[in-house]
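*Asks:* So that you have it, the file is entry-v5.csv, and it contains CSV, C-alpha atoms:
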chain,number,residue,atom,x,y,z
A,1,MET,CA,-110.2,-151.0,74.1
A,2,ILE,CA,-106.9,-149.7,72.8
A,3,VAL,CA,-105.1,-147.9,75.6
A,4,VAL,CA,-104.9,-144.1,74.9
A,5,ARG,CA,-104.8,-141.0,76.9
A,6,ASP,CA,-108.3,-139.5,76.6
A,7,ILE,CA,-108.6,-135.8,75.6
A,8,TYR,CA,-112.1,-135.8,77.0
A,9,GLN,CA,-112.7,-137.2,80.4
A,10,THR,CA,-116.5,-137.7,79.8
A,11,PHE,CA,-119.0,-137.7,77.0
A,12,GLN,CA,-120.4,-134.5,78.3
A,13,GLU,CA,-117.0,-132.8,77.8
A,14,LEU,CA,-116.7,-134.3,74.3
A,15,SER,CA,-120.2,-133.1,73.3
A,16,GLN,CA,-119.3,-129.5,74.2
A,17,CYS,CA,-116.3,-129.5,71.8
A,18,GLU,CA,-117.1,-131.9,69.0
A,19,ARG,CA,-120.0,-131.6,66.5
A,20,ALA,CA,-122.8,-134.1,66.5
A,21,GLY,CA,-123.5,-135.3,62.9
A,22,ILE,CA,-120.1,-134.2,61.7
A,23,ASP,CA,-117.5,-135.6,64.1
A,24,TYR,CA,-119.7,-138.3,65.7
A,25,GLU,CA,-123.2,-139.6,65.8
A,26,ILE,CA,-125.2,-141.8,68.2
A,27,GLU,CA,-126.9,-144.8,66.7
A,28,CYS,CA,-129.6,-146.6,68.7
A,29,ILE,CA,-132.2,-149.2,67.9
A,30,ILE,CA,-134.5,-149.9,70.9
A,31,ARG,CA,-135.9,-153.4,71.0
A,32,LYS,CA,-136.2,-155.7,74.1
A,33,LYS,CA,-134.9,-153.5,76.9
A,34,ASP,CA,-133.5,-156.2,79.1
A,35,ILE,CA,-130.6,-156.9,76.7
A,36,VAL,CA,-128.4,-154.0,75.6
A,37,VAL,CA,-125.4,-154.4,73.2
A,38,LEU,CA,-123.0,-151.5,73.1
A,39,ALA,CA,-120.2,-150.2,70.9
A,40,ILE,CA,-119.1,-146.9,72.6
A,41,HIS,CA,-115.9,-146.6,70.4
A,42,GLY,CA,-117.5,-147.4,67.0
A,43,GLY,CA,-117.1,-146.0,63.6
A,44,THR,CA,-113.6,-145.0,62.6
A,45,MET,CA,-112.2,-145.4,66.1
A,46,GLU,CA,-112.5,-149.2,66.8
A,47,GLU,CA,-113.6,-150.5,63.5
A,48,GLY,CA,-115.7,-153.6,63.6
A,49,THR,CA,-117.2,-153.0,67.1
A,50,LEU,CA,-120.3,-151.2,65.8
A,51,GLU,CA,-121.0,-153.9,63.1
A,52,MET,CA,-120.7,-156.8,65.5
A,53,ALA,CA,-122.7,-155.1,68.2
A,54,ARG,CA,-125.5,-154.2,65.7
A,55,GLU,CA,-125.6,-157.8,64.4
A,56,LEU,CA,-125.6,-159.4,67.8
A,57,ALA,CA,-128.4,-157.0,69.1
A,58,GLN,CA,-130.5,-157.9,66.1
A,59,GLU,CA,-130.0,-161.7,66.6
A,60,VAL,CA,-131.1,-161.5,70.3
A,61,ASN,CA,-133.8,-158.9,69.6
A,62,GLY,CA,-131.9,-156.6,72.1
A,63,THR,CA,-131.4,-152.9,72.2
A,64,PHE,CA,-128.4,-151.7,70.1
A,65,TYR,CA,-126.4,-148.5,71.1
A,66,ALA,CA,-123.3,-147.1,69.4
A,67,PHE,CA,-121.2,-144.0,69.6
A,68,LYS,CA,-120.0,-143.7,66.0
A,69,CYS,CA,-116.8,-141.7,65.4
A,70,LEU,CA,-117.0,-140.0,62.0
A,71,LYS,CA,-113.5,-138.4,62.0
A,72,LYS,CA,-111.1,-139.9,59.5
A,73,GLU,CA,-108.0,-138.2,61.1
A,74,ASP,CA,-107.1,-138.9,64.7
A,75,PRO,CA,-110.4,-140.7,65.5
A,76,PHE,CA,-109.0,-141.7,69.0
A,77,GLU,CA,-109.3,-138.0,70.0
A,78,LEU,CA,-113.0,-138.9,70.6
A,79,HIS,CA,-112.2,-141.9,72.9
A,80,VAL,CA,-113.9,-141.8,76.3
A,81,THR,CA,-113.0,-144.7,78.5
A,82,SER,CA,-115.8,-147.1,79.6
A,83,THR,CA,-115.8,-146.0,83.2
A,84,HIS,CA,-116.3,-142.4,82.3
A,85,TYR,CA,-118.7,-142.8,79.4
A,86,ASP,CA,-121.7,-140.8,80.7
A,87,GLU,CA,-123.8,-140.2,77.6
A,88,GLU,CA,-127.4,-140.0,79.0
A,89,LEU,CA,-129.2,-142.4,76.6
A,90,ALA,CA,-126.5,-145.1,76.9
A,91,ARG,CA,-126.5,-145.0,80.7
A,92,SER,CA,-130.3,-145.0,81.0
A,93,LEU,CA,-130.6,-148.0,78.5
A,94,VAL,CA,-127.9,-150.0,80.3
A,95,HIS,CA,-129.3,-149.1,83.7
A,96,GLU,CA,-132.7,-150.7,82.8
A,97,SER,CA,-131.1,-153.9,81.3
A,98,ASN,CA,-130.3,-157.2,82.9
A,99,ILE,CA,-127.8,-158.4,80.3
A,100,THR,CA,-125.2,-156.0,78.8
A,101,ILE,CA,-122.6,-156.8,76.2
A,102,SER,CA,-120.0,-154.2,75.3
A,103,PHE,CA,-117.7,-154.5,72.2
A,104,HIS,CA,-114.2,-153.0,72.1
A,105,GLY,CA,-111.1,-153.2,70.0
A,106,ALA,CA,-107.7,-154.3,71.5
A,107,ARG,CA,-104.1,-154.0,70.3
A,108,GLY,CA,-102.5,-157.1,68.9
A,109,ALA,CA,-101.1,-158.6,65.7
A,110,GLU,CA,-102.8,-162.0,66.3
A,111,ARG,CA,-106.5,-162.9,66.0
A,112,GLU,CA,-107.5,-162.9,69.7
A,113,ILE,CA,-110.5,-162.3,71.9
A,114,TYR,CA,-110.3,-161.1,75.5
A,115,ILE,CA,-113.4,-161.7,77.6
A,116,GLY,CA,-114.0,-159.5,80.7
A,117,GLY,CA,-116.6,-157.8,82.7
A,118,ARG,CA,-118.3,-158.7,86.0
A,119,ASP,CA,-120.8,-161.2,84.5
A,120,GLU,CA,-118.7,-164.2,85.3
A,121,PRO,CA,-121.3,-166.9,84.4
A,122,LEU,CA,-121.9,-165.4,81.0
A,123,ALA,CA,-118.2,-164.8,80.4
A,124,SER,CA,-117.4,-168.4,81.3
A,125,ARG,CA,-120.1,-169.7,78.9
A,126,VAL,CA,-119.0,-167.4,76.1
A,127,LYS,CA,-115.4,-168.6,76.5
A,128,GLU,CA,-116.5,-172.2,76.4
A,129,LEU,CA,-118.6,-171.7,73.3
A,130,LEU,CA,-115.9,-169.7,71.4
A,131,LYS,CA,-112.8,-171.7,72.3
A,132,PRO,CA,-113.3,-174.4,69.6
A,133,GLY,CA,-113.1,-171.9,66.8
A,134,PHE,CA,-111.3,-168.8,68.2
A,135,ILE,CA,-108.3,-167.9,70.3
A,136,VAL,CA,-109.7,-166.7,73.6
A,137,VAL,CA,-107.0,-165.3,76.0
A,138,GLU,CA,-107.1,-164.0,79.6
A,139,PRO,CA,-107.4,-160.2,79.4
A,140,PRO,CA,-104.5,-158.1,80.9
A,141,PRO,CA,-105.6,-156.1,83.9
A,142,HIS,CA,-106.4,-152.9,82.0
A,143,LEU,CA,-108.8,-154.9,79.7
A,144,ARG,CA,-110.6,-156.8,82.4
A,145,GLY,CA,-113.6,-154.5,82.5
A,146,VAL,CA,-114.4,-155.2,86.2
A,147,SER,CA,-114.8,-151.7,87.5
A,148,PRO,CA,-118.3,-151.1,88.9
A,149,ASP,CA,-118.1,-147.7,87.0
A,150,ASN,CA,-117.7,-149.5,83.7
A,151,ILE,CA,-120.8,-148.8,81.6
A,152,ALA,CA,-121.2,-152.5,80.9
A,153,ASN,CA,-121.5,-153.2,84.6
A,154,ASP,CA,-124.1,-150.5,85.2
A,155,ASN,CA,-127.2,-152.7,84.6
A,156,THR,CA,-129.7,-154.1,87.1
A,157,ARG,CA,-127.4,-156.9,88.2
A,158,HIS,CA,-124.2,-154.6,88.3
A,159,GLN,CA,-122.4,-157.1,86.0
A,160,GLY,CA,-121.9,-157.0,82.2
A,161,LEU,CA,-119.8,-158.7,79.6
A,162,GLN,CA,-116.9,-156.8,77.9
A,163,LEU,CA,-115.6,-158.3,74.7
A,164,GLU,CA,-112.2,-157.0,73.5
A,165,LEU,CA,-111.2,-158.2,70.0
A,166,THR,CA,-108.0,-157.5,68.2
A,167,VAL,CA,-108.0,-155.7,64.8
A,168,PRO,CA,-107.1,-158.9,63.0
A,169,GLN,CA,-110.0,-160.7,64.7
A,170,TYR,CA,-112.4,-158.0,63.6
A,171,ASP,CA,-111.0,-158.1,60.1
A,172,GLU,CA,-111.7,-161.8,59.9
A,173,LEU,CA,-115.2,-161.5,61.2
A,174,LEU,CA,-116.0,-158.7,58.7
A,175,THR,CA,-114.6,-160.7,55.8
A,176,ASN,CA,-115.4,-164.3,56.6
A,177,VAL,CA,-119.1,-165.1,56.7
A,178,GLU,CA,-118.7,-168.5,58.3
A,179,LYS,CA,-116.5,-167.2,61.1
A,180,LYS,CA,-118.8,-164.3,61.8
A,181,GLN,CA,-121.8,-166.7,61.9
A,182,SER,CA,-120.0,-169.0,64.3
A,183,PHE,CA,-119.0,-166.0,66.5
A,184,ILE,CA,-122.5,-164.5,66.6
A,185,GLU,CA,-124.2,-167.9,67.1
A,186,SER,CA,-122.0,-168.7,70.1
A,187,LEU,CA,-122.8,-165.3,71.7
A,188,VAL,CA,-126.5,-165.8,71.0
A,189,LYS,CA,-126.5,-169.2,72.6
A,190,ALA,CA,-124.8,-168.0,75.7
A,191,ILE,CA,-127.1,-165.0,76.1
A,192,LYS,CA,-130.3,-167.1,75.6
A,193,GLU,CA,-129.1,-169.4,78.3
A,194,SER,CA,-128.5,-166.4,80.6
A,195,GLU,CA,-132.0,-164.9,80.2
In structure tokens, write the structure found in this file.
*Replies:*
Amino acid sequence: MIVVRDIYQTFQELSQCERAGIDYEIECIIRKKDIVVLAIHGGTMEEGTLEMARELAQEVNGTFYAFKCLKKEDPFELHVTSTHYDEELARSLVHESNITISFHGARGAEREIYIGGRDEPLASRVKELLKPGFIVVEPPPHLRGVSPDNIANDNTRHQGLQLELTVPQYDELLTNVEKKQSFIESLVKAIKESE
């Protein structure tokens, strides 16, 4: 996630001031409920997160959920941090899941991936599988995603996976079919091993 000062402390606050269908929309495809793939800062806010989450969810037959910002100007005004993201459908889907993967965007000029969250075995396996083809770096403290309040960690095991990719990394995945395939295949393999 890109560090910003949130205007809205919760989704509930946001939904009282912003217009559903005009400023934002919720996208959800419910499949297997024990795997949930999230992009809570999708659309014009953290571009690429929604696309990668949707594709990964499809590949693992998991449930896909995204908050899609539709604003062209100042999209980060709709940013609600992961620990405060309380949209009812998202929380209920995650709460029922065993494996949760949350995609975010991070600042940085280089193609880099930060892997965080409380699901250490899954994080470790994802790092191992991605390292041959991608630059995987240790996340700074504010991107570690280890708070128990983080939506990714609100599943049945109280541990999820948080993936923070820089804009150049998302750009590569969105334009290079081979790289995207390698990225998604690595995640699919790690998730299937965790089931």
*Asks:* Take atom CA of Leu50 of chain A and atom CA of Leu165 of chain A and report the distance between them in Å, one decimal.
*Replies:*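 Atom CA of Leu165 of chain A lies at a distance of 12.2 Å from atom CA of Leu50 of chain A.
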*Asks:* Extract, using all atoms listed in the file, all DNA, RNA and protein residues at most 12 Å from Pro121 of chain A, discarding same-chain residues fewer than 6 positions from it, and format them as a PyMOL selection string.
*Replies:* chain A and resi 99+115+127-128+159-161+190-191+193-195
*Asks:* Counting all atoms listed in the file, which residue out of A:Ala39, A:Ile29, A:Cys17, A:Leu93 sits closest to Cys69 of chain A?
*Replies:*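 Going through A:Ala39, A:Ile29, A:Cys17, A:Leu93 one by one, the smallest distance to Cys69 of chain A is for A:Ala39.
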*Asks:* Quick one: residues within 6 Å of Leu38 of chain A, only C-alpha atoms, excluding same-chain residues fewer than 2 positions away - as a ChimeraX atom specification?
*Replies:* /A:65-66,102
*Asks:* Could you tell me how far atom CA of Ser92 of chain A sits from atom CA of Pro141 of chain A, in Å to one decimal place?
*Replies:*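 Between atom CA of Pro141 of chain A and atom CA of Ser92 of chain A the gap is 27.2 Å.
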*Asks:* Generate a file for segment 88-115 of chain A, containing N, CA and C atoms, as a PDB file, in the first residue's frame.
*Replies:*
ATOM      1  N   GLU A  88     -18.766  -4.737   4.826  1.00  0.00           N
ATOM      2  CA  GLU A  88     -19.401  -5.936   5.397  1.00  0.00           C
ATOM      3  C   GLU A  88     -19.170  -7.211   4.580  1.00  0.00           C
ATOM      4  N   LEU A  89     -19.352  -7.132   3.269  1.00  0.00           N
ATOM      5  CA  LEU A  89     -19.186  -8.317   2.428  1.00  0.00           C
ATOM      6  C   LEU A  89     -17.738  -8.821   2.490  1.00  0.00           C
ATOM      7  N   ALA A  90     -16.782  -7.898   2.356  1.00  0.00           N
ATOM      8  CA  ALA A  90     -15.364  -8.283   2.386  1.00  0.00           C
ATOM      9  C   ALA A  90     -15.023  -8.984   3.688  1.00  0.00           C
ATOM     10  N   ARG A  91     -15.420  -8.377   4.804  1.00  0.00           N
ATOM     11  CA  ARG A  91     -15.087  -8.956   6.109  1.00  0.00           C
ATOM     12  C   ARG A  91     -15.743 -10.335   6.283  1.00  0.00           C
ATOM     13  N   SER A  92     -16.981 -10.477   5.842  1.00  0.00           N
ATOM     14  CA  SER A  92     -17.658 -11.769   6.026  1.00  0.00           C
ATOM     15  C   SER A  92     -17.029 -12.845   5.147  1.00  0.00           C
ATOM     16  N   LEU A  93     -16.629 -12.502   3.925  1.00  0.00           N
ATOM     17  CA  LEU A  93     -15.973 -13.473   3.035  1.00  0.00           C
ATOM     18  C   LEU A  93     -14.638 -13.930   3.624  1.00  0.00           C
ATOM     19  N   VAL A  94     -13.839 -12.961   4.070  1.00  0.00           N
ATOM     20  CA  VAL A  94     -12.535 -13.290   4.639  1.00  0.00           C
ATOM     21  C   VAL A  94     -12.705 -14.117   5.909  1.00  0.00           C
ATOM     22  N   HIS A  95     -13.665 -13.736   6.718  1.00  0.00           N
ATOM     23  CA  HIS A  95     -13.897 -14.413   8.000  1.00  0.00           C
ATOM     24  C   HIS A  95     -14.173 -15.905   7.827  1.00  0.00           C
ATOM     25  N   GLU A  96     -14.780 -16.284   6.690  1.00  0.00           N
ATOM     26  CA  GLU A  96     -15.094 -17.694   6.406  1.00  0.00           C
ATOM     27  C   GLU A  96     -13.953 -18.435   5.714  1.00  0.00           C
ATOM     28  N   SER A  97     -12.941 -17.714   5.266  1.00  0.00           N
ATOM     29  CA  SER A  97     -11.880 -18.343   4.461  1.00  0.00           C
ATOM     30  C   SER A  97     -10.751 -18.893   5.321  1.00  0.00           C
ATOM     31  N   ASN A  98     -10.012 -19.840   4.741  1.00  0.00           N
ATOM     32  CA  ASN A  98      -8.811 -20.391   5.385  1.00  0.00           C
ATOM     33  C   ASN A  98      -7.548 -19.730   4.844  1.00  0.00           C
ATOM     34  N   ILE A  99      -7.584 -19.407   3.549  1.00  0.00           N
ATOM     35  CA  ILE A  99      -6.434 -18.784   2.878  1.00  0.00           C
ATOM     36  C   ILE A  99      -6.895 -17.443   2.312  1.00  0.00           C
ATOM     37  N   THR A 100      -6.171 -16.384   2.659  1.00  0.00           N
ATOM     38  CA  THR A 100      -6.513 -15.040   2.189  1.00  0.00           C
ATOM     39  C   THR A 100      -5.270 -14.389   1.600  1.00  0.00           C
ATOM     40  N   ILE A 101      -5.416 -13.842   0.397  1.00  0.00           N
ATOM     41  CA  ILE A 101      -4.317 -13.139  -0.263  1.00  0.00           C
ATOM     42  C   ILE A 101      -4.808 -11.748  -0.594  1.00  0.00           C
ATOM     43  N   SER A 102      -4.060 -10.732  -0.172  1.00  0.00           N
ATOM     44  CA  SER A 102      -4.455  -9.345  -0.386  1.00  0.00           C
ATOM     45  C   SER A 102      -3.388  -8.618  -1.205  1.00  0.00           C
ATOM     46  N   PHE A 103      -3.795  -8.056  -2.354  1.00  0.00           N
ATOM     47  CA  PHE A 103      -2.886  -7.329  -3.242  1.00  0.00           C
ATOM     48  C   PHE A 103      -2.906  -5.840  -2.948  1.00  0.00           C
ATOM     49  N   HIS A 104      -1.706  -5.233  -2.934  1.00  0.00           N
ATOM     50  CA  HIS A 104      -1.564  -3.798  -2.711  1.00  0.00           C
ATOM     51  C   HIS A 104      -0.493  -3.237  -3.632  1.00  0.00           C
ATOM     52  N   GLY A 105      -0.474  -1.916  -3.733  1.00  0.00           N
ATOM     53  CA  GLY A 105       0.564  -1.217  -4.481  1.00  0.00           C
ATOM     54  C   GLY A 105       1.511  -0.543  -3.508  1.00  0.00           C
ATOM     55  N   ALA A 106       2.791  -0.485  -3.874  1.00  0.00           N
ATOM     56  CA  ALA A 106       3.800   0.149  -3.019  1.00  0.00           C
ATOM     57  C   ALA A 106       4.590   1.178  -3.829  1.00  0.00           C
ATOM     58  N   ARG A 107       5.112   2.159  -3.127  1.00  0.00           N
ATOM     59  CA  ARG A 107       5.985   3.143  -3.781  1.00  0.00           C
ATOM     60  C   ARG A 107       7.296   2.480  -4.160  1.00  0.00           C
ATOM     61  N   GLY A 108       7.913   3.012  -5.189  1.00  0.00           N
ATOM     62  CA  GLY A 108       9.224   2.501  -5.588  1.00  0.00           C
ATOM     63  C   GLY A 108       9.434   2.632  -7.076  1.00  0.00           C
ATOM     64  N   ALA A 109      10.670   2.941  -7.461  1.00  0.00           N
ATOM     65  CA  ALA A 109      10.996   3.121  -8.878  1.00  0.00           C
ATOM     66  C   ALA A 109      11.444   1.812  -9.527  1.00  0.00           C
ATOM     67  N   GLU A 110      11.782   0.826  -8.688  1.00  0.00           N
ATOM     68  CA  GLU A 110      12.255  -0.462  -9.198  1.00  0.00           C
ATOM     69  C   GLU A 110      11.123  -1.489  -9.178  1.00  0.00           C
ATOM     70  N   ARG A 111      11.284  -2.543  -9.987  1.00  0.00           N
ATOM     71  CA  ARG A 111      10.327  -3.654  -9.945  1.00  0.00           C
ATOM     72  C   ARG A 111      10.635  -4.495  -8.712  1.00  0.00           C
ATOM     73  N   GLU A 112       9.782  -4.395  -7.704  1.00  0.00           N
ATOM     74  CA  GLU A 112      10.014  -5.117  -6.455  1.00  0.00           C
ATOM     75  C   GLU A 112       8.703  -5.651  -5.890  1.00  0.00           C
ATOM     76  N   ILE A 113       8.835  -6.738  -5.116  1.00  0.00           N
ATOM     77  CA  ILE A 113       7.685  -7.349  -4.451  1.00  0.00           C
ATOM     78  C   ILE A 113       8.003  -7.481  -2.966  1.00  0.00           C
ATOM     79  N   TYR A 114       7.106  -6.961  -2.130  1.00  0.00           N
ATOM     80  CA  TYR A 114       7.207  -7.127  -0.682  1.00  0.00           C
ATOM     81  C   TYR A 114       6.163  -8.166  -0.273  1.00  0.00           C
ATOM     82  N   ILE A 115       6.586  -9.144   0.503  1.00  0.00           N
ATOM     83  CA  ILE A 115       5.662 -10.188   0.930  1.00  0.00           C
ATOM     84  C   ILE A 115       5.496 -10.107   2.437  1.00  0.00           C
TER      85      ILE A 115
END
